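Only one structure is covered here, and it is reproduced in the block below.
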Amino acid sequence: MTVAQDPAMKRPKRGSWRYWFAAQRGVLVAVAIFAVMFAVYGAAQPIGMSADVVNTAVNKGALLALVAMAQTLPVLTGGLDLSVGMTFMLANCLASAVVSGSPGMTALGIVIVLVAGLLCGLVNGLIVVYGRLQPLIATLATSAIYFGIALAVRPTPGGDINGAFADWMTRSTYAVPSSAVLLLAAVVLVWLPYRNSVLGRSIYAVGSSPQAAYASGVNIARAKLSAYTLAGLFAALGGLLLTCITYSGEARAALGNDYTLNSIAAVVIGGTSLFGGFGSAIGSIFGAFVMRTVGDLLIVFNINPVLQPLFVGVVLLFAVSLGSLRLLRIRNKLDLYR
Amino acid sequence: MMTSKTLAKIDPAVLIAFGCIVLLLGIGSIAKPGFLSAAYLVQQLQTASFLGIIASGVMLVMLMGQIDLSIPWVIAMGGMMATGAEGILGHTLGQPLAIPFGICCGLLAGLVNGVGVAYLRAPSMIFTLGMNAVAQGLMVWHTGGFAPQDAATPLMVALASGHLIPDVPNPLLIWIVLGGVIVWMLTRSRLGRQIYAIGNKERAVFLSGVDSRKVTVLVFAISGACAAAGGVLLSGWASRSYQAMGDPYLLPTIAAIVLGGTNVLGGRGSYLGTIAGVILITLLQSILSVLQPQDYFAQLGVKLPDDVFRQVVFGLVIIVMMMLYGRERVIR
């Protein structure tokens, strides 16, 4: 319903640059904000924009970016996944237990972690689609379960990971951080093919209007199932990367919740509508980097560390309030209400 | 529209929730002999009343089809501002005004939430999330700038753990009074009807000549005040306030409200259901700590932290119960 009112959807002729610009507006705004913030960060950095600085920033940002990509898919269907943070943490705990030993064992461990992520997502999808529970409730409940399992896998922080694999994942080759390559691979190998497939397009249809999608013969169950399952995969990729960075696993409720909440913020900053049907995972990646750069900027400008959480909160509220500029364009007061 | 007649008919969700409470009491009495004693049950009700007071405000928000995710840090804000009032307002004002000051801070946070949701038309999920971060930031700043006063005043301790009426703990008394006011408000007052109506179709409410935005702001303010009041009581109960004191309350609050049959999309739900949900959640947590399932596993040679069972059972109970009565309609 909101999508119909969104001025971005007043379509000019297809194929013109205005059409592309209107469709990508949210992503472009996120990219612009990120570019400005990162340029300021690089300029203010005392040691300048060295490869190390970029590598550290990308590693940190990629974690949230993967979780935000995961969050994007259910949000596009008009749902929500409150368990992405816990899936991410479960993958982290699992990876700290199984991704070690010989190259063969390590590869098997990686597969196990990713399959576990897919399973978590599939369970969410099954409950939402066939259990017909509200996504909010269903994923709130599964987040508790996944946290419990993560705690069972790793009662106390610790564990280990194959050092060579972890080093390779977190370093830069020719000034290109491996985590950036991982993100690129997630976009090029998973997101873009999915987005351009019938299945991927159908999640946009379901998100815009489930009734219209049903009437047009879209397989709603399959669309939603695929969205939640892929979300699990992205979250598990993030958990794997976290293990490579920290060399250990930790089951801490605050960590998972923090990632879940920040992922929603990143999705919104990346221009995806929380009502579903409009947006993209690429925007969420930049949204995630914006969220992380805010924290880095505060460190560079030497702002009192106790003020940092406040700044992050204010930036988030400000970003959300920016969205209400659209209210100025509404002519009929009735359109304010749903 | 909900009329008092339809409210009088009890929702199946509420019946199932109360049925589960009886079932849990049965399991508890088998597992532990003293479980059904009056003293133990009153103690459970006292624990439940903190959750109940917090859930009261959030339930009103959910009846409008919105959600308030800012409660964890608004709870902490209520507690920390009440205990820190002496340092902020000075000794003469701070001592007597500690509790109102704490609740007012929560009210203010709720007010900002309401303005964001009603006037800026921001999705409540993300706006209240931002408010949660802001409240957290303010509290971290408050404790980081100087050493704050974190001891609860004698009045707060008395409110949280004293007995005004013999054998009835004060928090329970407060919950009963607050619950009574809310039941009256929801079933008998214009505001109550407007809340249900907004949850059903805000556009229709606007066309009926009601300024739904004012109602939304008011309800979010009530939610903030309830959460802060819960925080004040919790810090009285623990004799001090601390950061992240509200974190364990977000999931149980939402779970209690939806298990009580309130529709997340708004417009449907009764306060009786929320009471049932709150008691159900409290009993469930209590039984898991009585049964000690980790001991059975320890005998099998698998050592697991007790939180594993609490979390997994918690999640499973929510899913199973919502399957019984919280399913959405099939799209056609």
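In the structure tokens, the first chain shown is A, the next is B, and so on; residue numbers restart at 1 for each chain, and ligands run from 1 in the order shown.
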
Legend entry - Nearby residues (only C-alpha atoms) at most 8 Å from region 214-220 of chain B, same-chain spacing under 3 positions excluded, as a ChimeraX atom specification: /B:57,60-61,64,68,110-111,113-115,117-118,191,194-195,211,223-224

Inset, instruction - Identify every residue of chain A that has at least one atom within 7 Å of any atom of chain B, counting only C-alpha atoms, and report the result as a PyMOL selection string. - result: chain A and resi 131-133+138+141-142+144-145+147-149+151-152+155+211+214+265+306-307+309-310+313-314+316-317+320-321+324+334+337-338

Inset, instruction - Could you give me the residues within region 49-189 of chain A that DSSP places in alpha helix (DSSP H), as a PyMOL selection string? - result: chain A and resi 51-76+84-98+103-129+135-153+163-170+178-185

Closest atom pairs, region 25-59 of chain A residues within 12 Å of region 244-255 of chain A, only C-alpha atoms, as a Markdown table:
| residue | atom | partner | partner_atom | distance |
| --- | --- | --- | --- | --- |
| A:Asn55 | CA | A:Ile245 | CA | 11.6 |
| A:Thr56 | CA | A:Ile245 | CA | 9.9 |
| A:Val58 | CA | A:Ile245 | CA | 11.6 |
| A:Asn59 | CA | A:Ile245 | CA | 7.9 |

Take the selection from the previous step and output its residues with N, CA and C atoms, as a compact mmCIF listing (two decimals), in the first residue's frame.
# COMPACT_ATOMS: atom_id res chain seq x y z
N ASN A 55 41.40 -2.12 5.74
CA ASN A 55 41.15 -3.52 6.02
C ASN A 55 40.37 -3.70 7.32
N THR A 56 40.80 -3.00 8.38
CA THR A 56 40.10 -3.11 9.66
C THR A 56 38.67 -2.62 9.54
N VAL A 58 36.78 -2.45 6.87
CA VAL A 58 35.95 -3.34 6.05
C VAL A 58 35.61 -4.61 6.83
N ASN A 59 36.59 -5.15 7.57
CA ASN A 59 36.30 -6.35 8.36
C ASN A 59 35.16 -6.11 9.32

Legend entry - CA of Gly283 (chain A) to CA of Arg201 (chain A), straight-line distance in Å: 16.8 Å

At a cut-off of 12 Å, using only C-alpha atoms, what residues contact Ala107 (chain A)? Leave out same-chain residues fewer than 4 positions from it and give the result as a PDB file with all heavy atoms, in the first residue's frame.
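This is the output file selection_10.pdb:
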ATOM      1  N   ALA A  95      31.246 -22.531  14.384  1.00  0.00           N
ATOM      2  CA  ALA A  95      32.490 -22.434  13.613  1.00  0.00           C
ATOM      3  C   ALA A  95      33.696 -22.575  14.536  1.00  0.00           C
ATOM      4  O   ALA A  95      34.709 -23.178  14.170  1.00  0.00           O
ATOM      5  CB  ALA A  95      32.543 -21.107  12.857  1.00  0.00           C
ATOM      6  N   VAL A  98      33.974 -26.473  14.941  1.00  0.00           N
ATOM      7  CA  VAL A  98      34.171 -27.450  13.865  1.00  0.00           C
ATOM      8  C   VAL A  98      35.127 -26.999  12.753  1.00  0.00           C
ATOM      9  O   VAL A  98      35.612 -27.846  11.999  1.00  0.00           O
ATOM     10  CB  VAL A  98      32.829 -27.869  13.220  1.00  0.00           C
ATOM     11  CG1 VAL A  98      31.938 -28.537  14.241  1.00  0.00           C
ATOM     12  CG2 VAL A  98      32.128 -26.681  12.588  1.00  0.00           C
ATOM     13  N   VAL A  99      35.379 -25.689  12.623  1.00  0.00           N
ATOM     14  CA  VAL A  99      36.238 -25.250  11.517  1.00  0.00           C
ATOM     15  C   VAL A  99      37.700 -25.278  11.974  1.00  0.00           C
ATOM     16  O   VAL A  99      38.275 -24.268  12.341  1.00  0.00           O
ATOM     17  CB  VAL A  99      35.842 -23.849  11.020  1.00  0.00           C
ATOM     18  CG1 VAL A  99      36.691 -23.446   9.820  1.00  0.00           C
ATOM     19  CG2 VAL A  99      34.386 -23.815  10.631  1.00  0.00           C
ATOM     20  N   SER A 100      38.283 -26.469  11.991  1.00  0.00           N
ATOM     21  CA  SER A 100      39.692 -26.564  12.391  1.00  0.00           C
ATOM     22  C   SER A 100      40.261 -27.876  11.842  1.00  0.00           C
ATOM     23  O   SER A 100      39.541 -28.673  11.252  1.00  0.00           O
ATOM     24  CB  SER A 100      39.830 -26.517  13.914  1.00  0.00           C
ATOM     25  OG  SER A 100      39.053 -27.530  14.499  1.00  0.00           O
ATOM     26  N   GLY A 101      41.545 -28.069  12.053  1.00  0.00           N
ATOM     27  CA  GLY A 101      42.182 -29.304  11.586  1.00  0.00           C
ATOM     28  C   GLY A 101      42.707 -29.187  10.166  1.00  0.00           C
ATOM     29  O   GLY A 101      42.999 -28.092   9.679  1.00  0.00           O
ATOM     30  N   SER A 102      42.779 -30.323   9.486  1.00  0.00           N
ATOM     31  CA  SER A 102      43.341 -30.363   8.136  1.00  0.00           C
ATOM     32  C   SER A 102      42.454 -29.577   7.173  1.00  0.00           C
ATOM     33  O   SER A 102      41.292 -29.310   7.487  1.00  0.00           O
ATOM     34  CB  SER A 102      43.425 -31.809   7.671  1.00  0.00           C
ATOM     35  OG  SER A 102      42.118 -32.317   7.521  1.00  0.00           O
ATOM     36  N   PRO A 103      43.002 -29.198   5.993  1.00  0.00           N
ATOM     37  CA  PRO A 103      42.189 -28.436   5.027  1.00  0.00           C
ATOM     38  C   PRO A 103      40.854 -29.113   4.723  1.00  0.00           C
ATOM     39  O   PRO A 103      39.828 -28.436   4.619  1.00  0.00           O
ATOM     40  CB  PRO A 103      43.081 -28.393   3.786  1.00  0.00           C
ATOM     41  CG  PRO A 103      44.468 -28.498   4.314  1.00  0.00           C
ATOM     42  CD  PRO A 103      44.394 -29.361   5.540  1.00  0.00           C
ATOM     43  N   VAL A 111      31.220 -26.060   5.564  1.00  0.00           N
ATOM     44  CA  VAL A 111      29.943 -26.523   5.004  1.00  0.00           C
ATOM     45  C   VAL A 111      28.933 -26.750   6.126  1.00  0.00           C
ATOM     46  O   VAL A 111      27.768 -26.353   6.023  1.00  0.00           O
ATOM     47  CB  VAL A 111      30.159 -27.816   4.186  1.00  0.00           C
ATOM     48  CG1 VAL A 111      28.824 -28.413   3.786  1.00  0.00           C
ATOM     49  CG2 VAL A 111      31.002 -27.521   2.960  1.00  0.00           C
ATOM     50  N   ILE A 112      29.394 -27.367   7.230  1.00  0.00           N
ATOM     51  CA  ILE A 112      28.488 -27.626   8.354  1.00  0.00           C
ATOM     52  C   ILE A 112      27.900 -26.314   8.877  1.00  0.00           C
ATOM     53  O   ILE A 112      26.689 -26.204   9.114  1.00  0.00           O
ATOM     54  CB  ILE A 112      29.224 -28.373   9.492  1.00  0.00           C
ATOM     55  CG1 ILE A 112      29.562 -29.792   9.054  1.00  0.00           C
ATOM     56  CG2 ILE A 112      28.379 -28.391  10.765  1.00  0.00           C
ATOM     57  CD1 ILE A 112      30.379 -30.559  10.067  1.00  0.00           C
ATOM     58  N   VAL A 113      28.760 -25.291   9.036  1.00  0.00           N
ATOM     59  CA  VAL A 113      28.295 -24.006   9.569  1.00  0.00           C
ATOM     60  C   VAL A 113      27.253 -23.394   8.638  1.00  0.00           C
ATOM     61  O   VAL A 113      26.186 -22.939   9.085  1.00  0.00           O
ATOM     62  CB  VAL A 113      29.478 -23.037   9.751  1.00  0.00           C
ATOM     63  CG1 VAL A 113      28.988 -21.635  10.065  1.00  0.00           C
ATOM     64  CG2 VAL A 113      30.398 -23.521  10.850  1.00  0.00           C
ATOM     65  N   LEU A 114      27.542 -23.413   7.323  1.00  0.00           N
ATOM     66  CA  LEU A 114      26.611 -22.795   6.381  1.00  0.00           C
ATOM     67  C   LEU A 114      25.291 -23.563   6.328  1.00  0.00           C
ATOM     68  O   LEU A 114      24.211 -22.963   6.248  1.00  0.00           O
ATOM     69  CB  LEU A 114      27.239 -22.700   4.989  1.00  0.00           C
ATOM     70  CG  LEU A 114      28.478 -21.794   4.913  1.00  0.00           C
ATOM     71  CD1 LEU A 114      28.972 -21.684   3.487  1.00  0.00           C
ATOM     72  CD2 LEU A 114      28.190 -20.424   5.479  1.00  0.00           C
ATOM     73  N   ILE A 161      39.953 -21.838  15.590  1.00  0.00           N
ATOM     74  CA  ILE A 161      39.634 -21.941  14.170  1.00  0.00           C
ATOM     75  C   ILE A 161      40.941 -22.154  13.428  1.00  0.00           C
ATOM     76  O   ILE A 161      42.000 -21.742  13.912  1.00  0.00           O
ATOM     77  CB  ILE A 161      38.888 -20.686  13.678  1.00  0.00           C
ATOM     78  CG1 ILE A 161      38.416 -20.872  12.231  1.00  0.00           C
ATOM     79  CG2 ILE A 161      39.746 -19.443  13.801  1.00  0.00           C
ATOM     80  CD1 ILE A 161      37.387 -19.884  11.803  1.00  0.00           C
ATOM     81  N   ASN A 162      40.828 -22.785  12.276  1.00  0.00           N
ATOM     82  CA  ASN A 162      42.001 -23.009  11.439  1.00  0.00           C
ATOM     83  C   ASN A 162      42.702 -21.676  11.170  1.00  0.00           C
ATOM     84  O   ASN A 162      42.142 -20.784  10.533  1.00  0.00           O
ATOM     85  CB  ASN A 162      41.536 -23.648  10.122  1.00  0.00           C
ATOM     86  CG  ASN A 162      42.695 -24.039   9.236  1.00  0.00           C
ATOM     87  OD1 ASN A 162      43.720 -23.364   9.220  1.00  0.00           O
ATOM     88  ND2 ASN A 162      42.531 -25.131   8.522  1.00  0.00           N
ATOM     89  N   PHE A 165      43.187 -20.378   7.477  1.00  0.00           N
ATOM     90  CA  PHE A 165      41.920 -19.941   6.881  1.00  0.00           C
ATOM     91  C   PHE A 165      41.512 -18.574   7.438  1.00  0.00           C
ATOM     92  O   PHE A 165      41.155 -17.667   6.683  1.00  0.00           O
ATOM     93  CB  PHE A 165      40.838 -20.979   7.167  1.00  0.00           C
ATOM     94  CG  PHE A 165      39.455 -20.547   6.800  1.00  0.00           C
ATOM     95  CD1 PHE A 165      39.108 -20.341   5.473  1.00  0.00           C
ATOM     96  CD2 PHE A 165      38.498 -20.339   7.789  1.00  0.00           C
ATOM     97  CE1 PHE A 165      37.828 -19.934   5.145  1.00  0.00           C
ATOM     98  CE2 PHE A 165      37.220 -19.931   7.454  1.00  0.00           C
ATOM     99  CZ  PHE A 165      36.880 -19.727   6.132  1.00  0.00           C
TER     100      PHE A 165
END

Mind checking which residues fall within 8 Å of Ala31 (chain B), counting only C-alpha atoms, ignoring those fewer than 2 positions away in the same chain, and posting them as a PDB file with N, CA and C atoms, in the first residue's frame?
ATOM      1  N   ILE B  27       2.283 -29.503  37.172  1.00  0.00           N
ATOM      2  CA  ILE B  27       3.635 -30.036  36.995  1.00  0.00           C
ATOM      3  C   ILE B  27       4.519 -29.614  38.164  1.00  0.00           C
ATOM      4  N   GLY B  28       4.380 -28.354  38.555  1.00  0.00           N
ATOM      5  CA  GLY B  28       5.202 -27.828  39.651  1.00  0.00           C
ATOM      6  C   GLY B  28       4.949 -28.556  40.947  1.00  0.00           C
ATOM      7  N   SER B  29       3.656 -28.858  41.224  1.00  0.00           N
ATOM      8  CA  SER B  29       3.343 -29.493  42.503  1.00  0.00           C
ATOM      9  C   SER B  29       3.863 -30.920  42.540  1.00  0.00           C
ATOM     10  N   PRO B  33       7.262 -30.427  46.294  1.00  0.00           N
ATOM     11  CA  PRO B  33       6.116 -30.491  47.220  1.00  0.00           C
ATOM     12  C   PRO B  33       5.591 -29.110  47.641  1.00  0.00           C
ATOM     13  N   VAL B 290      13.007 -24.734  39.043  1.00  0.00           N
ATOM     14  CA  VAL B 290      12.732 -25.776  40.046  1.00  0.00           C
ATOM     15  C   VAL B 290      13.121 -27.146  39.511  1.00  0.00           C
ATOM     16  N   LEU B 291      12.758 -27.403  38.236  1.00  0.00           N
ATOM     17  CA  LEU B 291      12.970 -28.746  37.674  1.00  0.00           C
ATOM     18  C   LEU B 291      14.447 -29.057  37.435  1.00  0.00           C
TER      19      LEU B 291
END

Legend entry - Non-local contacts of Leu225 (chain A) (9 Å; only C-alpha atoms; under 4 positions in same chain excluded) as a PyMOL selection string: chain A and resi 121-126+128-129+220-221+229-230

Quick one: write out the picked residues with N, CA and C atoms as a CSV table (one decimal), in the first residue's frame?
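Output contents, as saved in selection.csv:
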chain,number,residue,atom,x,y,z
A,121,GLY,N,17.4,-20.7,9.0
A,121,GLY,CA,16.5,-19.9,8.2
A,121,GLY,C,15.3,-20.7,7.7
A,122,LEU,N,15.5,-22.0,7.4
A,122,LEU,CA,14.4,-22.8,6.9
A,122,LEU,C,13.4,-23.0,7.9
A,123,VAL,N,13.8,-23.3,9.2
A,123,VAL,CA,12.9,-23.4,10.3
A,123,VAL,C,12.0,-22.2,10.4
A,124,ASN,N,12.7,-21.0,10.4
A,124,ASN,CA,11.9,-19.7,10.5
A,124,ASN,C,10.9,-19.7,9.4
A,125,GLY,N,11.3,-20.0,8.2
A,125,GLY,CA,10.4,-20.0,7.0
A,125,GLY,C,9.3,-20.9,7.2
A,126,LEU,N,9.5,-22.1,7.6
A,126,LEU,CA,8.5,-23.1,7.8
A,126,LEU,C,7.4,-22.7,8.8
A,128,VAL,N,6.8,-19.6,9.7
A,128,VAL,CA,6.1,-18.4,9.2
A,128,VAL,C,5.1,-18.8,8.1
A,129,VAL,N,5.5,-19.7,7.2
A,129,VAL,CA,4.7,-20.0,6.0
A,129,VAL,C,3.6,-21.1,6.4
A,220,ILE,N,3.5,-18.0,-3.2
A,220,ILE,CA,3.8,-17.2,-2.0
A,220,ILE,C,4.7,-18.0,-1.0
A,221,ALA,N,4.2,-19.3,-0.8
A,221,ALA,CA,4.9,-20.1,0.2
A,221,ALA,C,6.4,-20.3,-0.2
A,229,THR,N,15.2,-18.7,4.3
A,229,THR,CA,16.3,-19.7,4.2
A,229,THR,C,17.6,-19.0,3.8
A,230,LEU,N,17.5,-18.1,2.8
A,230,LEU,CA,18.7,-17.4,2.4
A,230,LEU,C,19.2,-16.5,3.5

Inset, instruction - Show which residues sit within 8 Å of Leu274 (chain A), as number ranges by chain. Count only C-alpha atoms, and ignore same-chain residues fewer than 2 positions away. - result: A: 75-76, 78, 268, 272, 276; B: 123

Inset, instruction - Please provide the set of residues having any atom within 9 Å of region 227-232 of chain B, restricted to only C-alpha atoms, with same-chain residues fewer than 6 positions apart removed, written as number ranges by chain. - result: B: 49-58, 71-83, 99-100, 102-107, 152, 156, 160, 241, 245-246

Legend entry - Best match for closeness to Gly238 (chain A) among A:Ser179, A:Thr72, A:Asn262, A:Thr173, counting only C-alpha atoms: A:Ser179
